[in-house]
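Undergrad: My questions will all concern the structure given below.
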Amino acid sequence: MKVYILLAWTLVNFICSIILIVKEFKSKLDYIKVLIVTIFIIIFSPIFTYVLVMIARYLKNYQIIDAIGTSDAWIGFAGSIIGGSITMFALYLTFKHESRVREKNRIDSIKPYISCRISNYKEDERKIDIGECVNDYGHIQCVMKNISNNIGNIKFKEQFISREIEKNHFEKVYDLDQFGISTFAVQLDNGFFLAPHEIYKWNINFGLVTDDVGNYKFENHCFSYIHTILFEITDVSNTDTYIFRFDFEVNINIDKNNKPILFLEKQNNSIER
């Protein structure tokens, strides 16, 4: 009876120790792993301890080994080993977590941050001043700036158009030729280096085609689309690669003089791994 009381007391202390460990490391690591291992050990450690005691008793009865210590002592020893194992496991997870945090902080410390915008538009009117674009090319002027103190290696990746097929619903395409609209980025180098706070400029050619009587191909004298340009960005040590996305929404209107006017609806910057 005494053996079972001691075993129960050891188990209670063991569970209390685990609860304290989880509370201590909850904010520092993935404590779910600790709980899983703890549950596993709680279930199997009493069985394992009992089996060891029975084997020792069997060997003692057949005088194969000499008895060393009492059952109470061995149960207490087993509890200490199990408790120590849990503590070591928790410390291992802590060190592993802190190593990941240090690496993340190092990567964040050298990560470049980029911002793009359209520079040739009148902010108060939202109009883009592109010049003559009917049966010719006007220019949407774009500016990229490294707004961080870290070096950025920039590589042009892809550009595409999303046309509005319903109100606020856009569909991805690669050109708008069928609507008599030509728009594509030029002066974009395949790869370039951007120092901290340095500026890089390029143009997006924009043109509209009319028929023989001067009519535009798109309907209702109004057309909306989103132009998206993707870049690959790496830090100075090429540790990580990020995808930088610059997109802007344009609304084309034809005024009463049959002149196209481009309104900048919005422009966005985003970056992701």
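Going by the structure tokens order, chains are called A, B, ..., each with residues numbered from 1, while ligands are numbered from 1 in the order shown.
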Please provide as a count of residues only all residues within 7 Å of A:Phe184, with the sequence filter that same-chain residues fewer than 2 positions apart are discarded (counting only C-alpha atoms).
TA: 4
Undergrad: Using DSSP on the backbone coordinates, identify the residues of stretch 182-266 of chain A assigned to strand (DSSP E); present them as a PyMOL selection string.
TA: chain A and resi 182-186+191-194+199-208+222-234+241-254+260-266
Undergrad: Measuring between only C-alpha atoms, which one of A:Glu125, A:Glu249, A:Glu232, A:Glu103 shows the shortest distance to A:Asn153?
TA: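 Of all the options, A:Glu232 lies closest to A:Asn153.
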Undergrad: Rounded to one decimal place, report the atom CA of A:Phe156-atom CA of A:His227 distance in Å.
TA: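 Taking atom CA of A:Phe156 and atom CA of A:His227, their separation equals 14.6 Å.
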Undergrad: Given only C-alpha atoms as the basis, pick out the residue of A:Asp247, A:Asp124, A:Asp240, A:Asp211 nearest to A:Gln159.
TA: A:Asp247
Undergrad: Check the smallest atom-to-atom distance from each of A:Glu98, A:Asp175, A:Asp189, A:Glu198 to A:Met144 using only C-alpha atoms, then report the winner.
TA: A:Glu198
Undergrad: Using only C-alpha atoms, which protein or nucleic acid residues come within 6 Å of A:Asn203? Drop anything in the same chain fewer than 6 positions from it, and give the result as a list of chain:residue names.
TA: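 Listing them by chain and then by number gives A:His139, A:Ile140, A:Gln141, A:Cys142, A:Ala185, A:Val186.
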Undergrad: Those residues with N, CA and C atoms, as a CSV table (one decimal), in the first residue's frame please?
TA:
chain,number,residue,atom,x,y,z
A,139,HIS,N,2.8,58.7,-71.5
A,139,HIS,CA,3.6,58.0,-70.5
A,139,HIS,C,3.1,58.1,-69.1
A,140,ILE,N,2.9,57.0,-68.4
A,140,ILE,CA,2.6,57.0,-66.9
A,140,ILE,C,4.0,56.8,-66.2
A,141,GLN,N,4.4,57.9,-65.5
A,141,GLN,CA,5.7,57.9,-65.0
A,141,GLN,C,5.7,57.3,-63.6
A,142,CYS,N,6.6,56.3,-63.3
A,142,CYS,CA,6.6,55.6,-62.1
A,142,CYS,C,8.0,55.8,-61.4
A,185,ALA,N,5.1,48.4,-69.4
A,185,ALA,CA,6.3,49.1,-68.8
A,185,ALA,C,7.5,49.0,-69.7
A,186,VAL,N,8.2,50.1,-69.7
A,186,VAL,CA,9.5,50.2,-70.4
A,186,VAL,C,10.5,50.8,-69.5
Undergrad: When you count only C-alpha atoms, which of these residues is closest to A:His221: A:Thr183, A:Gln178, A:Ser148, A:Asn258?
TA: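 Nearest candidate to A:His221 out of A:Thr183, A:Gln178, A:Ser148, A:Asn258: A:Asn258.
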Undergrad: Quote the spacing between atom CA of A:Cys222 and atom CA of A:Phe170 in Å to one decimal place.
TA: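 These two atoms are separated by 15.0 Å.
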Undergrad: Would you mind reading off the distance between atom CA of A:Val209 and atom CA of A:Ile226, one decimal, in Å?
TA: 19.0 Å
Undergrad: List every residue of stretch 81-189 of chain A that DSSP, applied to the backbone, labels as helix (DSSP H, G or I), and write the result as a ChimeraX atom specification.
TA: /A:81-109,177-179
Undergrad: Ranking A:Phe95, A:Phe160, A:Tyr174, A:Tyr137 by minimum distance to A:Ile229 and counting only C-alpha atoms, which one comes first?
TA: A:Phe160
Undergrad: With distances taken over only C-alpha atoms, which residue among A:Asp136, A:Ala195, A:Asn168, A:Tyr113 lies nearest A:Ile243?
TA: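 Selected residue with least distance to A:Ile243: A:Tyr113.
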